[in-house]
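These notes are about the structure you will find just below.
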Amino acid sequence: MLPQITQLFPSQDNSILSWILNIVWIGSFVVVIFYGQRIQMYLTLKEVEGSLMRLKLMRDEGRKTAIATIKELGKPQGDPSARVEQFLEYVVLPPEAMDPAGIVWKLDQLLDVMDERFKDEVRLMAPAADESVTNNLENTLGAAQGLNIIYKTIRHYYLLGKKTWSLYIVMQLQMVLPLIMREAEAIENFLKASTNGQPIGDGVGALVAAKLMHGHPQKDITKDCVVAQIPFEGRRAYVLKAKGPGGNVGKPGSAISAIIEENGGKIALVIGIDAKGKLEGEKVGEIAEGVGVPIGGLGTESFKVEETVLKYKIPVYAVVIKEDSWDAYSSMRKEIVESVDPAIERVKRVVLERTKEGDLVIIAGVGNTIGIGQ
């Protein structure tokens with residue numbers, strides 16, 4: 001390239017141009033060597049800043065939606081904005097884990113206190129709301145709180161990286177941001193669904209249970225859970241789910257343990273239905289079978305079931321409907337609804353193959369029961 005350029009000029013000018021090009025090249029090399037990291041830092045900060053601004057908009061929109069929904073459904077006497085702001089900043093301190101013995105029960109009690117406190121806050125903000133609406137509003141506020149936490153966490157590391165001028169902090173943030181933004185968008189979808197009281201993908205297990213128990217008498221079994229005894233393929237099945245149609249996950253682990261103890265451990269098997277992690281490339285609504293307790297969360301409910309079935313040597317099976325976090329938090333898609341009947345067929349097959357006529361079985365539909373009645 002250089003010879004082609006120099007041919008356009010006389011020989012004296014060629015020498016001058018060569019010197020200029022050499023100086024520019026050397027100068028560029030020096031800039032890259034001494035200031036390349038700063039340039040990269042500046043570009044990375046600008047990219048993170050763009051995502052941070054988007055998260056702020058999502059956070060602010062979530063706050064506005066929560067306040068507007070409380071005003072519409074809860075009919076408060078005054079402006080609930082101040083209490084909503086306090087709710088968004090609410091923190092839960094985990095129990096001390098230095099000595100892990102008994103930590104599950106500490107955490108379980110802490111979650112109970114948190115749930116009651118959140119419900120009390122919602123009742124104060126929305127005195128006209130009934131139980132179902134209260135649960136939905138709690139979900140709405142929880143989603144707004146989640147967006148607030150994500151925004152503040154990303155802002156913390158952005159400002160920390162900028163303050164210390166640490167490229168490594170900012171680059172780590174940049175690398176995980178696509179996954180964080182996807183989670184934030186999923187929570188934003190959940191916010192919209194809970195505001196409108198629409199079923200979400202995570203409720204597919206509860207929908208399976210609701211279809212099985214439809215038309216049969218039901219009773220409360222543990223906190224926020226209902227159960228029905230139904231005839232099932234020549235067996236007797238206890239079918240349980242969270243109490244709907246408000247947004248609620250209940251305590252399915254406590255319910256399963258209570259039923260097992262009531263029957264003196266004479267349960268042939270426990271089978272749970274839940275939405276579980278879909279890998280990229282898999283279809284939404286695909287069904288898989290497995291063993292184990294398909295209850296998500298922090299693990300306290302799974303622990304209760306595992307302890308009880310271990311005591312009585314009861315096998316635990318799972319039927320899972322493939323969903324990722326986007327599907328689980330968003331309004332229930334057609335593919336997920338269409339997976340309900342095939343999931344029931346899988347449950348029937350497991351029961352027929354693993355038990356005999358006259359046995360007692362437990363079928364637990366796990367998930368958020370928002371928009372799903374009994």
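A note on labels: chains of the structure tokens are A, B, ... as shown, every chain counts residues from 1, and ligands are counted from 1 in their shown order.
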Using only C-alpha atoms, determine which residues lie at most 12 Å from Gly215 of chain A, disregarding the query and same-chain residues fewer than 5 positions distant; provide the list as a tab-separated table (two decimals) with N, CA and C atoms, in the first residue's frame.
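Output contents, as saved in selection38.tsv:
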chain	number	residue	atom	x	y	z
A	209	ALA	N	-52.45	-30.96	38.52
A	209	ALA	CA	-53.15	-31.38	39.73
A	209	ALA	C	-54.59	-30.89	39.75
A	210	ALA	N	-54.81	-29.65	39.29
A	210	ALA	CA	-56.17	-29.10	39.27
A	210	ALA	C	-57.07	-29.90	38.35
A	228	ALA	N	-57.08	-33.46	47.54
A	228	ALA	CA	-58.31	-34.20	47.24
A	228	ALA	C	-57.94	-35.67	47.09
A	229	GLN	N	-58.80	-36.55	47.60
A	229	GLN	CA	-58.62	-37.99	47.40
A	229	GLN	C	-59.45	-38.40	46.19
A	230	ILE	N	-58.82	-39.05	45.23
A	230	ILE	CA	-59.53	-39.43	44.01
A	230	ILE	C	-59.20	-40.89	43.67
A	231	PRO	N	-60.14	-41.58	43.00
A	231	PRO	CA	-59.79	-42.90	42.44
A	231	PRO	C	-58.89	-42.70	41.22
A	373	GLY	N	-57.52	-22.19	39.51
A	373	GLY	CA	-58.41	-22.50	40.62
A	373	GLY	C	-58.26	-23.94	41.07
A	374	GLN	N	-59.19	-24.36	41.92
A	374	GLN	CA	-59.11	-25.74	42.44
A	374	GLN	C	-59.79	-26.70	41.48
Inset, instruction - Find the spatial neighbours of segment 124-139 of chain A, counting only C-alpha atoms, within a cut-off of 9 Å - ignore same-chain residues fewer than 6 positions away - and output them as a ChimeraX atom specification. - result: /A:66,69-71,73-80,83-84,118,190-191,194-197,244-248,370
Would you list the contacts of Glu306 of chain A as a PDB file with N, CA and C atoms, in the first residue's frame, taking every protein, DNA or RNA residue within 9 Å and counting only C-alpha atoms, but skipping same-chain residues closer than 6 positions in sequence?
ATOM      1  N   GLY A 253     -43.989 -29.544  50.378  1.00  0.00           N
ATOM      2  CA  GLY A 253     -43.200 -30.509  51.136  1.00  0.00           C
ATOM      3  C   GLY A 253     -43.858 -30.854  52.459  1.00  0.00           C
ATOM      4  N   SER A 257     -45.420 -34.594  53.474  1.00  0.00           N
ATOM      5  CA  SER A 257     -44.990 -35.224  54.727  1.00  0.00           C
ATOM      6  C   SER A 257     -46.175 -35.491  55.643  1.00  0.00           C
ATOM      7  N   GLY A 292     -36.649 -38.440  42.337  1.00  0.00           N
ATOM      8  CA  GLY A 292     -36.286 -37.319  43.185  1.00  0.00           C
ATOM      9  C   GLY A 292     -37.462 -36.379  43.395  1.00  0.00           C
ATOM     10  N   VAL A 293     -37.222 -35.365  44.196  1.00  0.00           N
ATOM     11  CA  VAL A 293     -38.270 -34.411  44.581  1.00  0.00           C
ATOM     12  C   VAL A 293     -38.179 -33.173  43.698  1.00  0.00           C
ATOM     13  N   VAL A 316     -39.675 -41.966  45.332  1.00  0.00           N
ATOM     14  CA  VAL A 316     -40.141 -40.662  44.856  1.00  0.00           C
ATOM     15  C   VAL A 316     -39.807 -40.537  43.373  1.00  0.00           C
TER      16      VAL A 316
END
Could you pull the residues within 12 Å of His156 of chain A, counting only C-alpha atoms, minus those fewer than 2 positions along the same chain, as an mmCIF file with N, CA and C atoms, in the first residue's frame?
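Printed below is result-v2.cif as written:
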data_model
loop_
_atom_site.group_PDB
_atom_site.id
_atom_site.type_symbol
_atom_site.label_atom_id
_atom_site.label_comp_id
_atom_site.auth_asym_id
_atom_site.auth_seq_id
_atom_site.Cartn_x
_atom_site.Cartn_y
_atom_site.Cartn_z
ATOM 1 N N VAL A 48 -21.806 -1.458 29.424
ATOM 2 C CA VAL A 48 -22.487 -1.799 30.677
ATOM 3 C C VAL A 48 -23.463 -0.690 31.052
ATOM 4 N N GLU A 49 -23.074 0.533 30.817
ATOM 5 C CA GLU A 49 -23.938 1.672 31.144
ATOM 6 C C GLU A 49 -25.261 1.610 30.377
ATOM 7 N N LEU A 52 -27.381 -0.901 32.082
ATOM 8 C CA LEU A 52 -27.794 -0.378 33.386
ATOM 9 C C LEU A 52 -28.955 0.601 33.241
ATOM 10 N N ILE A 149 -33.574 -5.154 43.032
ATOM 11 C CA ILE A 149 -32.342 -5.788 43.522
ATOM 12 C C ILE A 149 -31.344 -5.984 42.385
ATOM 13 N N ILE A 150 -31.826 -6.457 41.235
ATOM 14 C CA ILE A 150 -30.933 -6.662 40.090
ATOM 15 C C ILE A 150 -30.304 -5.344 39.664
ATOM 16 N N TYR A 151 -31.128 -4.308 39.548
ATOM 17 C CA TYR A 151 -30.611 -2.993 39.127
ATOM 18 C C TYR A 151 -29.555 -2.485 40.097
ATOM 19 N N LYS A 152 -29.837 -2.559 41.392
ATOM 20 C CA LYS A 152 -28.904 -2.014 42.373
ATOM 21 C C LYS A 152 -27.607 -2.828 42.435
ATOM 22 N N THR A 153 -27.719 -4.140 42.238
ATOM 23 C CA THR A 153 -26.517 -4.974 42.247
ATOM 24 C C THR A 153 -25.621 -4.657 41.056
ATOM 25 N N ILE A 154 -26.217 -4.558 39.876
ATOM 26 C CA ILE A 154 -25.425 -4.224 38.679
ATOM 27 C C ILE A 154 -24.833 -2.827 38.810
ATOM 28 N N TYR A 158 -20.881 -1.774 38.657
ATOM 29 C CA TYR A 158 -20.522 -0.791 37.631
ATOM 30 C C TYR A 158 -19.784 0.384 38.269
ATOM 31 N N LEU A 159 -20.337 0.925 39.341
ATOM 32 C CA LEU A 159 -19.709 2.072 40.000
ATOM 33 C C LEU A 159 -18.405 1.674 40.683
ATOM 34 N N LEU A 160 -18.370 0.453 41.235
ATOM 35 C CA LEU A 160 -17.140 -0.017 41.870
ATOM 36 C C LEU A 160 -16.026 -0.156 40.835
ATOM 37 N N GLY A 161 -16.350 -0.744 39.673
ATOM 38 C CA GLY A 161 -15.352 -0.868 38.615
ATOM 39 C C GLY A 161 -14.894 0.479 38.103
ATOM 40 N N LYS A 162 -15.847 1.411 37.979
ATOM 41 C CA LYS A 162 -15.515 2.757 37.498
ATOM 42 C C LYS A 162 -14.675 3.518 38.525
ATOM 43 N N LYS A 163 -15.024 3.337 39.799
ATOM 44 C CA LYS A 163 -14.305 4.039 40.867
ATOM 45 C C LYS A 163 -12.875 3.550 41.003
ATOM 46 N N ILE A 169 -13.130 -6.153 36.982
ATOM 47 C CA ILE A 169 -14.489 -6.094 37.530
ATOM 48 C C ILE A 169 -15.487 -5.807 36.422
ATOM 49 N N VAL A 170 -15.165 -4.826 35.592
ATOM 50 C CA VAL A 170 -16.097 -4.405 34.546
ATOM 51 C C VAL A 170 -16.248 -5.481 33.476
ATOM 52 N N LEU A 173 -18.491 -8.207 34.703
ATOM 53 C CA LEU A 173 -19.867 -7.730 34.645
ATOM 54 C C LEU A 173 -20.393 -7.785 33.221
#
Inset, instruction - Between A:Gly367, A:Ala268, A:Leu177, A:Ile200, single out the one closest to Arg333 of chain A, counting only C-alpha atoms. - result: A:Ile200
Inset, instruction - Step one, run DSSP on the backbone; step two, keep only residues of segment 33-254 of chain A assigned to strand (DSSP E or B); then write them as an NGL selection string. - result: :A and (200 or 218-222 or 225-232 or 235-242)
Inset, instruction - Considering only C-alpha atoms, state which residue in the set A:Asp99, A:Glu233, A:Glu289, A:Glu85 is at the smallest distance from Lys348 of chain A. - result: A:Glu233
Inset, instruction - Please provide as a PyMOL selection string all residues within 7 Å of Ile267 of chain A, with the sequence filter that same-chain residues fewer than 6 positions apart are discarded (counting only C-alpha atoms). - result: chain A and resi 260+314+360-361
Write a file of the selected residues as a PDB file, in the first residue's frame, keeping C-alpha atoms.
ATOM      1  CA  ILE A 260     -47.458 -39.776  54.683  1.00  0.00           C
ATOM      2  CA  ILE A 314     -41.015 -44.635  49.935  1.00  0.00           C
ATOM      3  CA  LEU A 360     -52.192 -45.331  48.115  1.00  0.00           C
ATOM      4  CA  VAL A 361     -50.172 -42.833  46.085  1.00  0.00           C
TER       5      VAL A 361
END
Legend entry - For Tyr42 of chain A, the nearest of the candidates A:Val91, A:Glu307, A:Ser166, A:Gly205, counting only C-alpha atoms: A:Ser166
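Nearest residue to Asp341 of chain A among A:Gly285, A:Leu111, A:Val176, A:Ile16 is A:Gly285, counting only C-alpha atoms.
Of the residues listed (A:Glu301, A:Asp327, A:Asp202, A:Glu345), A:Glu301 shows the shortest atom-to-atom separation from Gly250 of chain A; distances use only C-alpha atoms.
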